[in-house]
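Chemist: What follows is the file structure23.cif, containing mmCIF, C-alpha atoms and all ligand atoms:
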```cif
data_run
loop_
_atom_site.label_atom_id
_atom_site.label_comp_id
_atom_site.auth_asym_id
_atom_site.auth_seq_id
_atom_site.Cartn_x
_atom_site.Cartn_y
_atom_site.Cartn_z
CA MET R 1 114.76 79.90 89.99
CA THR R 2 111.10 80.68 90.69
CA ALA R 3 109.44 82.62 87.91
CA PRO R 4 108.50 86.20 88.78
CA ILE R 5 104.91 86.99 89.71
CA ARG R 6 103.19 89.10 87.07
CA PHE R 7 101.88 92.28 88.72
CA ILE R 8 99.06 93.98 86.87
CA MET R 9 97.58 97.15 88.25
CA ILE R 10 94.38 98.32 86.54
CA GLY R 11 93.65 101.98 87.22
CA GLY R 12 90.84 104.29 86.22
CA PHE R 13 88.20 106.53 87.69
CA LEU R 14 85.46 105.45 90.08
CA GLY R 15 83.00 103.22 88.25
CA ALA R 16 85.11 102.92 85.10
CA GLY R 17 84.87 99.12 84.98
CA LYS R 18 88.10 98.04 86.73
CA THR R 19 86.56 95.22 88.78
CA THR R 20 84.54 93.93 85.84
CA LEU R 21 87.66 93.88 83.68
CA ILE R 22 89.77 92.27 86.40
CA ALA R 23 87.23 89.44 86.72
CA LYS R 24 87.37 88.85 82.95
CA LEU R 25 91.16 89.01 82.80
CA ALA R 26 91.44 86.65 85.77
CA ARG R 27 89.37 84.12 83.89
CA GLN R 28 91.65 84.39 80.84
CA PHE R 29 94.74 83.81 82.98
CA GLN R 30 93.04 80.86 84.68
CA GLN R 31 92.31 79.36 81.29
CA GLN R 32 96.06 79.44 80.68
CA GLY R 33 96.52 77.44 83.88
CA LYS R 34 97.78 80.39 85.92
CA HIS R 35 97.01 80.88 89.60
CA VAL R 36 95.49 84.36 89.85
CA CYS R 37 95.03 86.49 92.96
CA VAL R 38 93.43 89.90 93.28
CA VAL R 39 94.10 92.77 95.69
CA THR R 40 91.28 95.24 96.24
CA ASN R 41 91.62 98.56 97.96
CA ASP R 42 89.52 101.19 99.66
CA GLN R 43 89.67 103.99 102.18
CA ALA R 44 87.37 102.00 104.48
CA ALA R 45 86.34 98.39 105.12
CA GLY R 46 83.26 96.65 103.73
CA LEU R 47 83.97 96.45 100.03
CA VAL R 48 81.49 95.40 97.38
CA ASP R 49 84.39 94.57 95.04
CA THR R 50 86.02 92.11 97.45
CA GLU R 51 82.78 90.22 98.05
CA LEU R 52 81.85 90.29 94.38
CA LEU R 53 85.19 88.87 93.21
CA ARG R 54 85.18 86.26 96.00
CA SER R 55 81.68 85.20 95.01
CA GLN R 56 83.17 84.49 91.57
CA GLY R 57 85.64 82.08 93.13
CA LEU R 58 88.68 84.36 93.11
CA ASP R 59 91.33 84.53 95.80
CA VAL R 60 91.07 88.13 97.03
CA ASN R 61 92.92 90.08 99.71
CA GLU R 62 91.81 93.56 100.56
CA VAL R 63 93.77 96.60 101.69
CA ALA R 64 91.15 98.64 103.52
CA GLY R 65 91.62 101.83 105.47
CA SER R 66 93.87 103.71 103.07
CA CYS R 67 94.82 103.66 99.45
CA PHE R 68 97.78 101.59 98.12
CA CYS R 69 99.92 104.65 97.55
CA CYS R 70 99.59 105.73 101.19
CA ASN R 71 99.94 102.17 102.47
CA PHE R 72 102.63 100.59 100.33
CA HIS R 73 103.42 98.03 103.03
CA GLY R 74 99.73 97.09 103.28
CA LEU R 75 99.82 96.23 99.59
CA THR R 76 103.00 94.16 99.86
CA ALA R 77 101.66 92.38 102.98
CA ALA R 78 98.41 91.58 101.15
CA MET R 79 100.45 90.13 98.27
CA ASP R 80 102.75 88.15 100.58
CA ALA R 81 99.72 86.67 102.33
CA PHE R 82 98.69 84.87 99.14
CA GLU R 83 101.91 82.91 99.17
CA SER R 84 101.18 81.13 102.45
CA ALA R 85 98.43 79.22 100.60
CA ARG R 86 99.86 79.09 97.06
CA ARG R 87 102.25 81.35 95.20
CA PRO R 88 100.33 83.36 92.61
CA ASP R 89 101.46 83.46 88.99
CA VAL R 90 99.54 86.67 88.46
CA ILE R 91 98.39 89.40 90.86
CA LEU R 92 95.76 91.81 89.63
CA ALA R 93 95.56 94.94 91.77
CA GLU R 94 92.73 97.45 91.75
CA PRO R 95 93.63 100.83 93.25
CA VAL R 96 90.99 103.25 94.54
CA GLY R 97 89.33 105.03 91.61
CA SER R 98 90.11 108.49 92.98
CA CYS R 99 93.85 107.80 93.15
CA THR R 100 96.55 108.89 90.77
CA ASP R 101 100.36 109.01 90.69
CA LEU R 102 100.41 105.23 91.10
CA VAL R 103 103.41 104.63 88.87
CA ALA R 104 105.61 106.82 91.07
CA THR R 105 104.14 105.62 94.37
CA ILE R 106 103.54 101.91 93.71
CA ALA R 107 105.07 100.54 90.52
CA ILE R 108 108.52 102.14 90.74
CA PRO R 109 108.99 101.58 94.51
CA MET R 110 107.99 97.93 93.94
CA MET R 111 110.54 97.62 91.16
CA GLU R 112 113.22 99.27 93.28
CA GLN R 113 112.53 97.36 96.47
CA LEU R 114 111.24 93.99 95.34
CA GLY R 115 113.14 93.79 92.08
CA ALA R 116 113.00 90.48 90.25
CA LYS R 117 110.23 89.03 92.38
CA PHE R 118 107.70 90.72 90.10
CA VAL R 119 107.39 91.43 86.42
CA HIS R 120 105.25 94.52 85.83
CA SER R 121 102.74 94.73 83.01
CA PRO R 122 102.23 98.10 81.28
CA TYR R 123 100.05 100.31 83.44
CA ALA R 124 96.57 100.30 81.94
CA VAL R 125 93.89 102.83 82.86
CA VAL R 126 90.21 102.20 82.14
CA LEU R 127 88.36 105.20 80.75
CA LYS R 128 84.78 105.73 81.80
CA PRO R 129 82.90 107.17 78.80
CA SER R 130 79.99 108.70 80.75
CA HIS R 131 82.22 111.23 82.49
CA GLY R 132 85.19 110.91 80.12
CA LEU R 133 83.43 112.29 77.06
CA LYS R 134 82.27 115.35 78.94
CA ILE R 135 85.58 115.95 80.69
CA LEU R 136 87.76 115.45 77.62
CA THR R 137 85.56 117.39 75.22
CA GLY R 138 84.51 120.02 77.76
CA GLU R 139 80.89 119.57 76.71
CA GLY R 140 77.73 119.42 78.78
CA LYS R 141 77.16 119.57 82.50
CA ARG R 142 80.17 117.66 83.72
CA GLY R 143 79.06 116.97 87.32
CA PHE R 144 82.50 117.21 88.91
CA SER R 145 84.60 120.17 89.88
CA GLU R 146 87.80 121.02 88.02
CA LYS R 147 89.82 119.54 90.86
CA ALA R 148 88.09 116.16 90.62
CA GLU R 149 88.53 116.32 86.84
CA TYR R 150 92.24 116.98 87.44
CA ILE R 151 92.47 113.49 88.99
CA PHE R 152 90.63 111.95 86.04
CA ARG R 153 93.08 113.57 83.63
CA LYS R 154 96.16 112.71 85.67
CA GLN R 155 95.13 109.06 85.69
CA LEU R 156 95.12 109.08 81.90
CA GLU R 157 98.36 111.03 81.72
CA GLU R 158 100.34 108.45 83.69
CA SER R 159 98.93 105.42 81.85
CA GLU R 160 100.88 103.40 79.35
CA LEU R 161 97.69 102.11 77.79
CA ILE R 162 94.22 103.62 77.78
CA LEU R 163 91.29 101.20 77.72
CA ILE R 164 88.11 102.86 76.51
CA ASN R 165 85.46 100.76 78.16
CA ARG R 166 81.76 100.10 77.49
CA ILE R 167 82.05 99.79 73.70
CA ASP R 168 78.87 97.74 73.87
CA GLU R 169 77.10 101.06 74.53
CA LEU R 170 79.12 103.53 72.45
CA SER R 171 78.00 104.83 69.07
CA GLN R 172 80.58 105.20 66.28
CA GLN R 173 80.42 108.95 66.78
CA GLN R 174 81.22 108.64 70.48
CA ARG R 175 84.11 106.27 69.72
CA ASP R 176 85.50 108.76 67.20
CA GLN R 177 85.12 111.65 69.64
CA LEU R 178 86.93 109.74 72.37
CA ARG R 179 89.71 108.58 70.08
CA GLU R 180 90.24 112.12 68.75
CA ALA R 181 90.23 113.64 72.23
CA ILE R 182 92.80 111.13 73.47
CA GLU R 183 95.00 111.44 70.40
CA SER R 184 95.12 115.20 70.76
CA GLN R 185 95.43 115.34 74.56
CA TYR R 186 97.64 112.27 75.12
CA PRO R 187 99.50 111.99 71.81
CA GLY R 188 101.09 108.66 70.99
CA ARG R 189 99.30 106.82 73.82
CA PRO R 190 98.14 103.32 72.83
CA VAL R 191 94.37 102.99 73.04
CA LEU R 192 92.20 99.89 73.04
CA PHE R 193 88.42 99.83 72.90
CA VAL R 194 86.93 97.14 75.11
CA SER R 195 83.78 95.94 76.79
CA ALA R 196 84.64 94.57 80.20
CA LYS R 197 81.02 93.52 80.52
CA THR R 198 80.56 91.49 77.33
CA GLY R 199 84.22 90.46 77.11
CA GLU R 200 84.61 91.96 73.62
CA LYS R 201 88.29 92.76 73.00
CA VAL R 202 89.34 91.58 76.46
CA ASP R 203 91.70 89.16 74.69
CA ALA R 204 93.45 92.16 73.09
CA VAL R 205 93.83 93.72 76.54
CA HIS R 206 95.16 90.43 77.89
CA GLU R 207 97.71 90.34 75.07
CA ALA R 208 98.79 93.95 75.65
CA LEU R 209 99.26 93.23 79.35
CA ALA R 210 101.58 90.32 78.53
CA GLY R 211 104.24 92.95 77.77
CA THR R 212 106.46 94.69 80.27
CA ALA R 213 106.12 98.17 81.75
CA ALA R 214 108.34 100.74 80.09
CA PRO R 215 111.19 102.12 82.19
CA ARG R 216 110.46 105.63 83.46
CA GLU R 217 113.12 108.25 83.79
CA THR R 218 110.80 111.14 84.37
CA PHE R 219 107.67 111.24 86.44
CA MET R 220 104.40 113.00 86.02
CA GLU R 221 104.09 116.22 87.96
CA VAL R 222 101.21 116.13 90.40
CA ASP R 223 99.98 119.05 92.43
CA TYR R 224 99.09 117.26 95.66
CA ASP R 225 97.03 120.23 96.86
CA ILE R 226 94.69 120.00 93.87
CA TYR R 227 94.71 116.19 94.05
CA ALA R 228 93.79 116.25 97.77
CA GLU R 229 91.08 118.84 97.29
CA GLY R 230 89.67 116.97 94.29
CA GLU R 231 89.47 113.74 96.29
CA ALA R 232 88.00 115.50 99.31
CA GLU R 233 85.12 116.82 97.20
CA LEU R 234 83.83 113.29 96.98
CA GLY R 235 81.75 112.01 99.84
CA TRP R 236 82.56 108.41 100.65
CA LEU R 237 80.18 106.00 102.34
CA ASN R 238 80.46 102.29 103.16
CA ALA R 239 77.57 100.65 104.98
CA THR R 240 76.34 97.16 105.75
CA VAL R 241 72.64 96.73 106.37
CA GLU R 242 70.55 93.70 107.22
CA LEU R 243 66.91 93.32 106.20
CA ASN R 244 64.78 90.75 107.97
CA SER R 245 61.36 89.42 107.25
CA ASP R 246 59.35 86.29 107.93
CA GLN R 247 58.65 86.24 104.17
CA PRO R 248 61.40 85.61 101.59
CA LEU R 249 62.70 88.92 100.18
CA PRO R 250 63.65 89.51 96.52
CA VAL R 251 67.46 89.70 96.33
CA ASP R 252 67.81 91.39 92.91
CA ARG R 253 64.95 93.80 93.41
CA ALA R 254 66.29 94.90 96.79
CA ALA R 255 69.73 95.64 95.26
CA LYS R 256 68.30 97.65 92.39
CA ARG R 257 65.63 99.41 94.43
CA ILE R 258 68.04 100.70 97.07
CA VAL R 259 70.24 102.15 94.32
CA ASP R 260 67.21 103.84 92.78
CA LEU R 261 66.04 105.19 96.13
CA ILE R 262 69.49 106.64 96.80
CA ARG R 263 69.61 107.93 93.24
CA GLU R 264 66.32 109.86 93.62
CA ARG R 265 67.67 111.51 96.74
CA LEU R 266 70.99 112.37 95.09
CA GLU R 267 69.11 113.99 92.22
CA ALA R 268 67.13 116.06 94.69
CA ASN R 269 70.45 117.21 96.18
CA ASP R 270 71.92 117.85 92.69
CA ALA R 271 74.77 115.54 93.69
CA GLU R 272 76.70 113.72 90.96
CA PRO R 273 77.45 110.06 91.69
CA ALA R 274 80.93 108.84 90.76
CA HIS R 275 79.94 105.28 91.63
CA LEU R 276 77.16 103.92 93.78
CA LYS R 277 77.22 100.15 94.13
CA VAL R 278 75.24 97.75 96.26
CA LEU R 279 75.86 94.06 96.75
CA CYS R 280 72.90 92.15 98.17
CA THR R 281 73.32 88.61 99.46
CA SER R 282 71.18 85.96 101.03
CA GLY R 283 72.96 82.66 101.61
CA ASP R 284 74.76 81.90 98.35
CA ALA R 285 72.62 84.29 96.29
CA VAL R 286 74.43 87.45 95.14
CA ALA R 287 73.09 90.49 93.29
CA VAL R 288 74.90 93.72 92.47
CA ALA R 289 73.37 96.99 91.29
CA ASN R 290 75.36 100.01 90.14
CA LEU R 291 74.96 103.63 89.16
CA VAL R 292 78.01 105.25 87.53
CA SER R 293 76.67 108.69 86.64
CA SER R 294 73.52 110.77 86.90
CA ASP R 295 72.73 110.36 83.21
CA THR R 296 73.08 106.60 82.80
CA PRO R 297 70.55 104.00 83.95
CA THR R 298 70.83 101.99 87.16
CA MET R 299 72.16 98.57 86.21
CA LEU R 300 71.72 95.21 87.83
CA SER R 301 75.18 93.90 86.93
CA VAL R 302 74.84 90.60 88.79
CA ALA R 303 71.46 88.89 89.15
CA SER R 304 70.59 85.98 91.41
CA ASP R 305 66.94 85.27 90.61
CA SER R 306 66.56 84.37 94.27
CA THR R 307 64.66 85.29 97.35
CA GLY R 308 65.67 84.96 100.96
CA SER R 309 65.79 86.42 104.43
CA PRO R 310 67.77 87.95 105.95
CA LEU R 311 69.27 90.03 103.14
CA THR R 312 72.64 91.67 103.66
CA LEU R 313 73.24 94.85 101.70
CA ILE R 314 76.76 96.23 101.32
CA ILE R 315 76.48 99.82 100.13
CA ASN R 316 79.50 101.68 98.72
CA ALA R 317 78.78 105.22 97.55
CA ARG R 318 81.25 107.75 96.13
CA VAL R 319 79.34 110.90 95.37
CA CYS R 320 79.94 114.61 95.00
CA LEU R 321 78.12 115.34 98.25
CA ALA R 322 79.07 116.14 101.84
CA PRO R 323 79.46 112.90 103.85
CA GLU R 324 76.85 113.91 106.45
CA ALA R 325 74.27 114.54 103.72
CA LEU R 326 75.25 111.28 102.00
CA GLN R 327 74.73 109.36 105.22
CA GLN R 328 71.30 110.96 105.62
CA VAL R 329 70.41 110.03 102.03
CA VAL R 330 71.44 106.41 102.55
CA THR R 331 69.75 105.91 105.94
CA ASP R 332 66.58 107.45 104.56
CA ALA R 333 66.68 105.18 101.50
CA VAL R 334 67.22 102.11 103.72
CA ALA R 335 64.20 103.07 105.84
CA THR R 336 62.06 103.48 102.72
CA LEU R 337 63.22 100.15 101.27
CA SER R 338 62.45 98.26 104.46
CA ARG R 339 58.99 99.85 104.57
CA GLU R 340 58.36 98.90 100.94
CA LEU R 341 59.42 95.31 101.57
CA SER R 342 57.62 95.11 104.93
CA ALA R 343 60.95 94.12 106.45
CA SER R 344 62.83 95.30 109.50
CA SER R 345 66.24 96.83 108.90
CA SER R 346 69.33 97.22 111.00
CA ILE R 347 72.39 99.17 110.00
CA GLU R 348 75.27 96.93 111.04
CA SER R 349 77.97 99.44 110.14
CA ILE R 350 78.13 102.81 108.45
CA GLU R 351 81.08 105.08 107.76
CA SER R 352 80.99 108.27 105.78
CA PHE R 353 83.83 110.69 105.29
CA ARG R 354 85.87 112.70 102.84
CA PRO R 355 89.10 110.99 101.80
CA GLY R 356 92.09 112.48 103.62
CA ARG R 357 95.03 114.09 101.90
CA PRO R 358 97.13 111.46 100.08
CA VAL R 359 100.55 111.09 101.69
CA PRO R 360 102.44 108.41 99.76
CA THR R 361 104.69 105.98 101.65
CA PHE R 362 107.25 106.32 98.84
CA ARG R 363 107.32 108.52 95.80
CA ALA R 364 109.85 108.02 93.03
CA GLY R 365 111.41 111.10 91.50
CA VAL R 366 111.32 113.30 94.61
N1 LIG W 1 77.60 98.32 79.59
C1 LIG W 1 78.73 98.12 80.20
N2 LIG W 1 78.80 98.21 81.51
C2 LIG W 1 79.97 97.98 82.11
C3 LIG W 1 81.15 97.66 81.39
N3 LIG W 1 82.16 97.51 82.27
C4 LIG W 1 81.65 97.73 83.50
N4 LIG W 1 80.33 98.01 83.40
C5 LIG W 1 79.40 98.30 84.49
O1 LIG W 1 79.85 99.49 85.12
C6 LIG W 1 79.60 99.43 86.51
C7 LIG W 1 80.89 99.70 87.25
O2 LIG W 1 81.81 98.67 86.98
P1 LIG W 1 82.95 98.27 88.01
O3 LIG W 1 83.74 97.19 87.36
O4 LIG W 1 82.38 98.02 89.33
O5 LIG W 1 83.79 99.63 88.04
P2 LIG W 1 85.06 99.98 88.95
O6 LIG W 1 85.98 100.79 88.11
O7 LIG W 1 85.64 98.75 89.53
O8 LIG W 1 84.41 100.88 90.08
P3 LIG W 1 85.07 101.34 91.50
O9 LIG W 1 85.77 100.17 92.08
O10 LIG W 1 83.92 101.79 92.32
O11 LIG W 1 85.98 102.48 91.17
C8 LIG W 1 78.98 98.06 86.74
O12 LIG W 1 77.58 98.20 86.69
C9 LIG W 1 79.44 97.24 85.58
O13 LIG W 1 78.58 96.18 85.24
C10 LIG W 1 81.04 97.54 79.97
O14 LIG W 1 81.99 97.25 79.25
N5 LIG W 1 79.82 97.79 79.45
MG MG W 2 85.98 98.30 91.51
#
```
For the structure just supplied, provide its representation as C-alpha cells.
Modeler:
Amino acid sequence: MTAPIRFIMIGGFLGAGKTTLIAKLARQFQQQGKHVCVVTNDQAAGLVDTELLRSQGLDVNEVAGSCFCCNFHGLTAAMDAFESARRPDVILAEPVGSCTDLVATIAIPMMEQLGAKFVHSPYAVVLKPSHGLKILTGEGKRGFSEKAEYIFRKQLEESELILINRIDELSQQQRDQLREAIESQYPGRPVLFVSAKTGEKVDAVHEALAGTAAPRETFMEVDYDIYAEGEAELGWLNATVELNSDQPLPVDRAAKRIVDLIRERLEANDAEPAHLKVLCTSGDAVAVANLVSSDTPTMLSVASDSTGSPLTLIINARVCLAPEALQQVVTDAVATLSRELSASSSIESIESFRPGRPVPTFRAGV
C-alpha cells in the first residue's frame, strides 16, 4: 500500500512568518529524503510567496482567487496536480493569513472525504509578536480594529500548537509576557518559541509536526459576521510592475525602496500594514523586502546583490486601508521609484479590493 501523504497546514496572521517557516521545514524534510510540495493561497493572483518558494527550488502550486476554505476543491486539485509529476511525501499548505476556522473547513473535510490518503500533522499557528503582544496584552496602539483582532485570536484558539516566532528579536521580558498571555488565554496549549528566519528551534517544530492531529469532537464557534467584517477592513492589493532602463538597476535597493515609499504614504494615511511584501526580480536575481507592522523596520529578507534591467516587482499589500486609497498609494510610490531610478515604469497588472465574505465549501460541525 502507498504510504499516506503528510499534510501540514501552517496558519497564522498576515506576516507572521508562515512562508519563511515553510521554506525551512521543507528543507528539513528534504534532508530526510522526502519529496516536499507546497500549496500557496491568496484571494488574487500574482503571489510573492509562490515566486519566492519557487526561486528556492520548491515545487509549488498556488490556489489563487479565493481562500482554501472557500475553495476546498481548488486545494485538492492543486494537491492532485503534484502527483502527475511525482507523488509528494509531504505537502505543506499555507492558508491566507486573514483566514480562520481552517480545522472545520479544511482539515476535517479532508479527513472525512480523502481518508487514509493523508496523515494530518497537528495544526500549528505562527504567532506574530509585533501585533500579538499588543493584541494579547491589550497594550499600546494596536493598529487593527476589534474585528480584525477577533480573527487573530480565533486563529490561536483553533491551533493545536502555537509557534511564537521571531525569537531572534524578542527580549526575555517579551518572551515571558507572550508565554503568560498564552497560558492564561489558551490554557494547556503547547507553545514553542522559534525563529523561522535563523532556523533556531525549527527542528523542534519539525519534531512536533511529526505527530498526528488530535481528533476533534467539538468545533470552535466562529461568528462569520465578525470574521467577514474583520477581513473586509483590510485592503488587499496585488500588482506586478516592470521598470526599464538602459542602465542596470539595483535589484535589492528597488525592492526595499518601494516598500519604504509605500510605508511613508501609509504612515501619512495612518494606515496599519498587516503585511507589505515586494519581490523584485531581474533574470535569476531575486530580492524580497517586507514590512510587517508600522513599528518594525523594513527588512530585506532576500538579497541578490545584483543589478539588471528590466526589473519586475511583484507587490502584495495587506493594509488597514480602503482599497482605492491603497491603489493610489502604490501607484504613487511606483511613479516616485521610477523617477528616482531614472527608469520608465509600466504597471502590468493591479488588483485592489476588500476580501469578500468567507463562505466555506464545507464546514464540519454544522
Ligand atoms: N527577525 C525575524 N524575521 C522573520 C522571522 N520569520 C519571518 N520573518 C520575516 O517576517 C517577514 C514576513 O515573513 P513571511 O514568512 O513572509 O510571513 P507570512 O506569514 O508568510 O506572511 P503572509 O503570507 O503575507 O501572511 C519577512 O520579512 C521575514 O523575513 C523570524 O523568525 N525572525
Ligand atoms: Mg506567506
Chemist: Counting all atoms listed in the file, which protein, DNA or RNA residues come within 7 Å of ligand MG 2 (chain W), given as a list in words?
Modeler: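 After applying the 7 Å limit, what remains is Gly15, Gly17, Lys18, Thr19, Asp49 and Glu94 of chain R.
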Chemist: How would you report the residues lying within 8 Å of ligand LIG 1 (chain W), as a VMD selection string, if you count only C-alpha atoms and all ligand atoms?
Modeler: chain R and resid 11 to 22 49 94 to 98 126 165 to 169 194 to 199 274 to 277 288 to 292 298 to 302 316 318
Chemist: Please compute the atom CA of Leu321 of chain R-atom CA of Leu234 of chain R distance, one decimal, in Å.
Modeler: 6.2 Å
Chemist: Choose the residue, out of R:Ala317, R:Ala148, R:Met110, R:Glu62, that has the smallest atom-to-atom separation from Ala81 of chain R; count all atoms listed in the file.
Modeler: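 Among the listed residues, R:Glu62 lies closest to Ala81 of chain R.
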Chemist: Excluding same-chain residues fewer than 2 positions from segment 331-346 of chain R, what lies within 7 Å of it counting all atoms listed in the file, as a short mmCIF file (atom, residue, chain, number, x, y, z; two decimals) with C-alpha atoms, in the coordinates of the input?
Modeler:
```cif
data_model
loop_
_atom_site.label_atom_id
_atom_site.label_comp_id
_atom_site.auth_asym_id
_atom_site.auth_seq_id
_atom_site.Cartn_x
_atom_site.Cartn_y
_atom_site.Cartn_z
CA VAL R 241 72.64 96.73 106.37
CA GLU R 242 70.55 93.70 107.22
CA LEU R 243 66.91 93.32 106.20
CA ASN R 244 64.78 90.75 107.97
CA SER R 245 61.36 89.42 107.25
CA ILE R 258 68.04 100.70 97.07
CA LEU R 261 66.04 105.19 96.13
CA ILE R 262 69.49 106.64 96.80
CA GLN R 327 74.73 109.36 105.22
CA GLN R 328 71.30 110.96 105.62
CA VAL R 329 70.41 110.03 102.03
CA GLU R 348 75.27 96.93 111.04
#
```
